[in-house]
There are 2 protein chains.
Amino acid sequence: MQSFEVDKKDLSRVKAALEGDDAGLAEVLQDYHASEIAILFERLPSEAHERIINILPTEIASEVISEMDEESHPEELLINLDPEKRSEIVSELDYDDATDLIAQLEEHEQQDLLESMDEEDASSIRALLSYGENTAGGLMNSSLIKVNIRQDKKGALDDIIRQSEEMEEFYTIYVVEDDDTLQGVVSIKNIIKAHADAKISSLLKADPVYVNADVDQEEVARLISQYNLTTIPVVDDHMKLLGRITVDDIIDVMEEESTEDILKFSGVSEDEELSGSWQDAVKSRLPWLVLNLATGFLAAGVVRHFASVQVAIPTIVAYMTIVSGMGGNAATQALAVTVRRISLSDLTDSQAYRTVLKEFSVGLINGAVNGLIVGAFAFVYDGSPMMGVVLFLAMTGNLFIAGLTGATIPLVLKRVGIDPAVASSIIITTFTDCAGFFLPLWFASKFLL
Amino acid sequence: MQSFEVDKKDLSRVKAALEGDDAGLAEVLQDYHASEIAILFERLPSEAHERIINILPTEIASEVISEMDEESHPEELLINLDPEKRSEIVSELDYDDATDLIAQLEEHEQQDLLESMDEEDASSIRALLSYGENTAGGLMNSSLIKVNIRQDKKGALDDIIRQSEEMEEFYTIYVVEDDDTLQGVVSIKNIIKAHADAKISSLLKADPVYVNADVDQEEVARLISQYNLTTIPVVDDHMKLLGRITVDDIIDVMEEESTEDILKFSGVSEDEELSGSWQDAVKSRLPWLVLNLATGFLAAGVVRHFASVQVAIPTIVAYMTIVSGMGGNAATQALAVTVRRISLSDLTDSQAYRTVLKEFSVGLINGAVNGLIVGAFAFVYDGSPMMGVVLFLAMTGNLFIAGLTGATIPLVLKRVGIDPAVASSIIITTFTDCAGFFLPLWFASKFLL
């Protein structure tokens with residue numbers, strides 16, 4: 001089985017069905033899983049979205065909406081639906097998904113929608129709306145299965161089956177005190193195997209891993225990954241059980257975070273939507289470019305300072321661009337390795353020290369090898385052994401600086417609380433550009449003039 | 001709760017306990033979860049690893065070993081253990097974890113270890129060893145819970161409880177035919193709720209999502225993410241059930257793949273261990289740098305071609321470095337957004353077309369704005385309106401080329417089956433470097449000489 005990629009056949013099949021009547025369309029749609037329909041939506045106009053949602057059984061329709069890409073704006077689709085259909089769909093959604101959608105709406109649209117829902121659903125969603133979008137509270141689902149610690153086997157099993165009516169799957173059964181404070185977890189297997197008169201208190205596994213509602217989603221992802229969990233309970237400051245986060249939501253968080261990492265690393269604002277408009281892209285990238293322009297002027301100042309050298313020895317200019325470009329490449333390598341290490345786990349002082357030492361050696365060696373190549377080229381092509389020496393020294397020096405800054409800058413930024421993925425590259429480029437121009441020009445002024 | 005970060009207190013506590021006797025050490029270790037001990041291991045010498053593993057109860061010891069970072073080489077620890085202890089630990093490991101460890105050993109060590117194990121475990125692991133490390137087969141665990149489609153409630157429940165003795169958690173119960181072909185899944189909830197004489201065939205959910213054993217792990221991650229699964233069954237070409245992959249293994253795959261993406265994007269071999277030695281780092285990065293050096297010579301050739309311009313107008317050299325540097329920055333932005341989009345989902349022709357069109361506009365606008373700034377600077381600082389015009393044209397042109405190649409090259413590479421994350425940046429740097437030197441020098445030769 002392959003994960004579903006919309007191919008032309010699926011798309012034209014659905015498009016053809018859209019030309020026909022509802023019955024035919026409904027029949028074609030039966031062949032697709034809700035998450036597949038959500039993917040097909042990305043290629044269909046929004047009128048088609050509305051028609052399809054109206055045709056699908058409510059259960060499937062709500063799943064399609066919850067699976068739709070954020071960038072396809074499912075909340076707009078929702079708000080355009082007939083109010084009755086909309087209420088049906090929202091009450092079928094998991095609370096966390098419903099909350100994410102409603103959070104995207106305007107204030108008055110939110111109120112309208114919540115008022116049209118039944119009171120229990122509305123108050124659960126209102127509670128979830130109060131948490132920050134990127135926190136454990138914002139990710140959690142308040143529907144879960146819990147049993148009281150004083151229950152016996154029969155009572156607990158009945159409770160579990162009753163509570164599970166409204167859930168497709170449950171992974172963990174939480175054990176709580178009368179005041180809803182989290183006491184532990186219990187597995188359905190152990191309940192089934194237990195004696196008829198066994199108490200939950202004797203089956204419980206205490207000390208579960210949990211998070212507070214205000215913990216950042218990245219931290220939740222780390223916990224789930226580190227302890228190999230499928231679900232993690234969310235509690236308030238008094239250990240009262242508020243909800244649970246399931247691993248499928250964390251997978252979405254991980255994809256999001258890793259997109260952000262790559263974008264930040266490349267000087268793109270982390271908020272830029274990958275398929276956003278050109279206006280958004282300009283807004284996200286232009287400030288970064290202008291900032292880079294400022295550092296470009298700085299490096300250009302170094303070049304201007306040596307104007308006499310470049311007039312006297314014109315060939316140094318071409319070589320200087322090579323030395324500076326190679327410094328940028330080597331620094332990006334050192335930076336990527338260091339930033340990624342930092343983002344996977346904090347480094348101790350001694351690990352940080354060893355990292356810098358390593359990049360120090362790598363820079364020297366890679367610099368010397370590339371310096372030999374470019375130096376030998378200058379010797380042969382320009383017939384100037386001294387130019388060879390100048391370039392060897394400049395290249396070794398610049399790649400050494402590249403390695404050193406590539407490792408040191410992100411570590412220092414992290415210590416002082418600045419996101420190394422964002423700020424490192426511009427600082428390092430400034431170093432390698434300036435040094436990449438200064439070193440060949442300065443050595444040339446010493447040895448060749 | 002915070003995810004566990006080794007702090008100095010934990011480390012010095014364990015180090016102090018290592019000075020004392022085994023009983024004291026064992027007591028201290030009781031306060032830590034297996035995955036926390038695995039993290040502590042990264043800061044302890046390997047003699048300490050061995051001693052701690054020998055002290056820990058086998059169950060915990062095997063969990064620690066399976067949680068150890070690949071870069072801490074758990075397989076070496078394993079091979080140094082007393083043979084009896086080693087067998088105990090390996091038979092306690094999940095088959096997939098045991099296989100991953102054993103795969104790291106030398107051929108003769110593998111044979112020795114497998115021969116010391118009981119026949120059933122050894123043959124399961126031998127089967128798993130035959131799959132590629134990065135395929136569904138290499139990821140899967142052959143222990144799972146399955147029931148025959150013709151069973152009734154009572155028989156199925158007994159079967160499930162018997163099979164679950166050896167597993168900590170189970171998520172999905174697979175339903176198979178007599179010949180072990182996968183028929184569907186069934187939930188424990190539905191079995192419990194069913195009438196006493198209900199047959200599994202009436203409770204089963206058919207058409208589950210599955211993968212073939214030779215499917216790439218990245219594809220498995222996509223399926224799990226797309227269909228929100230906690231586990232996915234793995235089958236052979238005849239639909240025979242071979243094993244299952246759980247979401248916790250997929251989370252590790254996702255972290256790995258996202259590290260690889262960032263490294264490849266920055267010209268570091270995807271195999272470089274983040275905390276590897278400097279020798280490995282040189283081996284991984286030098287080839288890429290030498291390749292870049294070659295393209296650097298190409299761009300330097302452009303500069304040499306215009307030697308007469310740079311002697312006549314020395315200031316153009318400083319500006320030329322700005323134009324080329326800015327091209328590189330803008331191209332990296334366009335490239336990051338496009339590469340990340342491609343890696344999250346394939347683009348249709350029309351999406352690809354729109355992406356190129358968007359980067360085309362973004363490049364022109366960002367180019368014009370930066371061109372205006374640098375042009376105005378030249379006008380004011382150098383008092384040369386014509387130099388201003390030259391730089392405006394060159395900057396706009398180069399950022400336009402940057403946007404266009406940043407979007408087009410990865411899309412084209414993807415179509416012809418080359419990994420865009422690896423090859424794009426070098427091609428694009430060549431374009432923006434060459435154009436970044438050519439445009440200002442050429443315009444200057446036309447307008448200023």
# chains A, B, ... in the order shown; residues from 1 in each chain; ligands from 1
$ interface_residues --of "chain A" --to "chain B" --cutoff "6 Å" --atoms "only C-alpha atoms" --output "list in words"
Met1, Ser3, Val211, Leu223, Asn228, Asp248, Ser266, Val268, Leu274, Trp278, Val282, Gly296, Ala300, Val303, Arg304, Val311, Ala318, Ile322, Thr332, Gln333, Val337, Lys358 and Val362 of chain A
$ select_by_dssp --residues "range 68-220 of chain A" --states "strand (DSSP E)" --output "PyMOL selection string"
chain A and resi 145-148+173-176+182-186+205-206+211-212
$ select_by_dssp --residues "range 180-345 of chain A" --states "helix (DSSP H, G or I)" --output "PyMOL selection string"
chain A and resi 188-193+200-203+217-226+247-265+278-305+307-312+315-344
$ atom_distance --atom1 "CA of Gly243 in chain A" --atom2 "CA of Met140 in chain A"
5.7 Å
$ closest_residue --among "B:Ile245, B:Leu204, B:Ala26, B:Met395" --to "Val147 in chain B" --atoms "only C-alpha atoms"
B:Leu204
$ atom_distance --atom1 "CA of Asp180 in chain B" --atom2 "CA of Ala127 in chain B"
16.5 Å
$ atom_distance --atom1 "CA of Pro208 in chain B" --atom2 "CA of Ile232 in chain A"
25.7 Å
$ residues_around --residues "Trp442 in chain B" --least-positions-apart "6" --cutoff "9 Å" --atoms "only C-alpha atoms" --output "list in words"
Phe306, Val309, Val390 and Ala394 of chain B
$ residues_around --residues "Gly138 in chain A" --least-positions-apart "3" --cutoff "12 Å" --atoms "only C-alpha atoms" --output "PyMOL selection string"
chain A and resi 95-101+103+125-135+141-142+212-217+220+234+242-245+249-250+253
$ residues_around --residues "Gln183 in chain B" --least-positions-apart "2" --cutoff "9 Å" --atoms "only C-alpha atoms" --output "mmCIF file with all heavy atoms, in the first residue's frame"
data_model
loop_
_atom_site.group_PDB
_atom_site.id
_atom_site.type_symbol
_atom_site.label_atom_id
_atom_site.label_comp_id
_atom_site.auth_asym_id
_atom_site.auth_seq_id
_atom_site.Cartn_x
_atom_site.Cartn_y
_atom_site.Cartn_z
ATOM 1 N N ILE B 149 -10.203 -15.391 12.180
ATOM 2 C CA ILE B 149 -11.485 -14.781 11.801
ATOM 3 C C ILE B 149 -12.677 -15.669 12.186
ATOM 4 O O ILE B 149 -13.789 -15.176 12.360
ATOM 5 C CB ILE B 149 -11.497 -14.454 10.282
ATOM 6 C CG1 ILE B 149 -12.674 -13.532 9.933
ATOM 7 C CG2 ILE B 149 -11.540 -15.732 9.439
ATOM 8 C CD1 ILE B 149 -12.541 -12.878 8.587
ATOM 9 N N TYR B 174 -5.173 -7.877 15.288
ATOM 10 C CA TYR B 174 -5.303 -8.197 13.874
ATOM 11 C C TYR B 174 -6.120 -9.470 13.698
ATOM 12 O O TYR B 174 -6.029 -10.402 14.499
ATOM 13 C CB TYR B 174 -3.924 -8.357 13.230
ATOM 14 C CG TYR B 174 -3.146 -7.081 13.337
ATOM 15 C CD1 TYR B 174 -2.129 -6.921 14.276
ATOM 16 C CD2 TYR B 174 -3.477 -5.991 12.531
ATOM 17 C CE1 TYR B 174 -1.452 -5.724 14.401
ATOM 18 C CE2 TYR B 174 -2.819 -4.785 12.652
ATOM 19 C CZ TYR B 174 -1.806 -4.657 13.588
ATOM 20 O OH TYR B 174 -1.157 -3.469 13.716
ATOM 21 N N VAL B 175 -6.920 -9.502 12.627
ATOM 22 C CA VAL B 175 -7.727 -10.675 12.330
ATOM 23 C C VAL B 175 -7.157 -11.334 11.086
ATOM 24 O O VAL B 175 -6.941 -10.666 10.071
ATOM 25 C CB VAL B 175 -9.198 -10.275 12.093
ATOM 26 C CG1 VAL B 175 -10.031 -11.494 11.770
ATOM 27 C CG2 VAL B 175 -9.748 -9.525 13.296
ATOM 28 N N VAL B 176 -6.869 -12.645 11.191
ATOM 29 C CA VAL B 176 -6.249 -13.346 10.064
ATOM 30 C C VAL B 176 -7.056 -14.586 9.685
ATOM 31 O O VAL B 176 -7.854 -15.101 10.464
ATOM 32 C CB VAL B 176 -4.802 -13.793 10.399
ATOM 33 C CG1 VAL B 176 -3.897 -12.590 10.576
ATOM 34 C CG2 VAL B 176 -4.780 -14.667 11.646
ATOM 35 N N GLU B 177 -6.820 -15.052 8.460
ATOM 36 C CA GLU B 177 -7.347 -16.326 7.982
ATOM 37 C C GLU B 177 -6.430 -17.449 8.493
ATOM 38 O O GLU B 177 -5.381 -17.168 9.082
ATOM 39 C CB GLU B 177 -7.335 -16.317 6.442
ATOM 40 C CG GLU B 177 -8.686 -16.109 5.804
ATOM 41 C CD GLU B 177 -9.656 -17.261 6.102
ATOM 42 O OE1 GLU B 177 -9.211 -18.296 6.640
ATOM 43 O OE2 GLU B 177 -10.854 -17.103 5.824
ATOM 44 N N ASP B 180 -2.868 -17.158 7.756
ATOM 45 C CA ASP B 180 -2.234 -15.946 8.280
ATOM 46 C C ASP B 180 -2.381 -14.725 7.377
ATOM 47 O O ASP B 180 -1.701 -13.718 7.592
ATOM 48 C CB ASP B 180 -0.731 -16.185 8.540
ATOM 49 C CG ASP B 180 -0.427 -16.168 10.036
ATOM 50 O OD1 ASP B 180 -1.382 -16.116 10.830
ATOM 51 O OD2 ASP B 180 0.756 -16.203 10.390
ATOM 52 N N THR B 181 -3.237 -14.778 6.370
ATOM 53 C CA THR B 181 -3.429 -13.562 5.563
ATOM 54 C C THR B 181 -4.299 -12.587 6.348
ATOM 55 O O THR B 181 -5.250 -12.966 7.022
ATOM 56 C CB THR B 181 -4.101 -13.855 4.205
ATOM 57 O OG1 THR B 181 -5.300 -14.588 4.447
ATOM 58 C CG2 THR B 181 -3.188 -14.630 3.288
ATOM 59 N N VAL B 185 -9.055 -5.670 11.260
ATOM 60 C CA VAL B 185 -8.711 -5.444 12.660
ATOM 61 C C VAL B 185 -9.994 -5.477 13.484
ATOM 62 O O VAL B 185 -11.091 -5.351 12.962
ATOM 63 C CB VAL B 185 -8.010 -4.077 12.857
ATOM 64 C CG1 VAL B 185 -6.666 -4.039 12.190
ATOM 65 C CG2 VAL B 185 -8.897 -2.949 12.362
ATOM 66 N N LEU B 204 -15.365 -7.602 12.845
ATOM 67 C CA LEU B 204 -14.153 -7.134 12.190
ATOM 68 C C LEU B 204 -14.349 -5.884 11.345
ATOM 69 O O LEU B 204 -15.401 -5.704 10.743
ATOM 70 C CB LEU B 204 -13.613 -8.302 11.352
ATOM 71 C CG LEU B 204 -12.973 -8.140 9.999
ATOM 72 C CD1 LEU B 204 -11.765 -9.045 9.960
ATOM 73 C CD2 LEU B 204 -13.941 -8.537 8.903
ATOM 74 N N LYS B 205 -13.336 -5.029 11.363
ATOM 75 C CA LYS B 205 -13.311 -3.875 10.477
ATOM 76 C C LYS B 205 -12.359 -4.248 9.335
ATOM 77 O O LYS B 205 -11.158 -4.441 9.556
ATOM 78 C CB LYS B 205 -12.805 -2.648 11.239
ATOM 79 C CG LYS B 205 -13.226 -1.345 10.604
ATOM 80 C CD LYS B 205 -12.748 -0.151 11.417
ATOM 81 C CE LYS B 205 -12.189 0.886 10.463
ATOM 82 N NZ LYS B 205 -11.168 1.730 11.042
ATOM 83 N N ALA B 206 -12.927 -4.368 8.136
ATOM 84 C CA ALA B 206 -12.122 -4.840 7.002
ATOM 85 C C ALA B 206 -11.320 -3.679 6.401
ATOM 86 O O ALA B 206 -11.409 -2.551 6.858
ATOM 87 C CB ALA B 206 -13.031 -5.467 5.966
ATOM 88 N N ASP B 207 -10.537 -3.993 5.375
ATOM 89 C CA ASP B 207 -9.761 -2.978 4.637
ATOM 90 C C ASP B 207 -8.852 -2.113 5.502
ATOM 91 O O ASP B 207 -8.891 -0.881 5.410
ATOM 92 C CB ASP B 207 -10.709 -2.019 3.876
ATOM 93 C CG ASP B 207 -11.289 -2.676 2.651
ATOM 94 O OD1 ASP B 207 -10.609 -3.543 2.073
ATOM 95 O OD2 ASP B 207 -12.421 -2.325 2.303
ATOM 96 N N PRO B 208 -8.035 -2.705 6.350
ATOM 97 C CA PRO B 208 -7.135 -1.858 7.131
ATOM 98 C C PRO B 208 -6.018 -1.299 6.239
ATOM 99 O O PRO B 208 -5.736 -1.858 5.180
ATOM 100 C CB PRO B 208 -6.547 -2.822 8.145
ATOM 101 C CG PRO B 208 -6.539 -4.133 7.443
ATOM 102 C CD PRO B 208 -7.748 -4.140 6.552
ATOM 103 N N MET B 239 -0.109 -11.002 1.160
ATOM 104 C CA MET B 239 -0.938 -10.458 2.233
ATOM 105 C C MET B 239 -0.788 -11.225 3.544
ATOM 106 O O MET B 239 -1.595 -11.065 4.456
ATOM 107 C CB MET B 239 -2.429 -10.421 1.843
ATOM 108 C CG MET B 239 -2.802 -9.282 0.925
ATOM 109 S SD MET B 239 -2.523 -7.661 1.698
ATOM 110 C CE MET B 239 -3.835 -7.601 2.901
#
$ closest_residue --among "B:Leu56, B:Leu114, B:Val416, B:Ile409" --to "Ile428 in chain B" --atoms "only C-alpha atoms"
B:Ile409
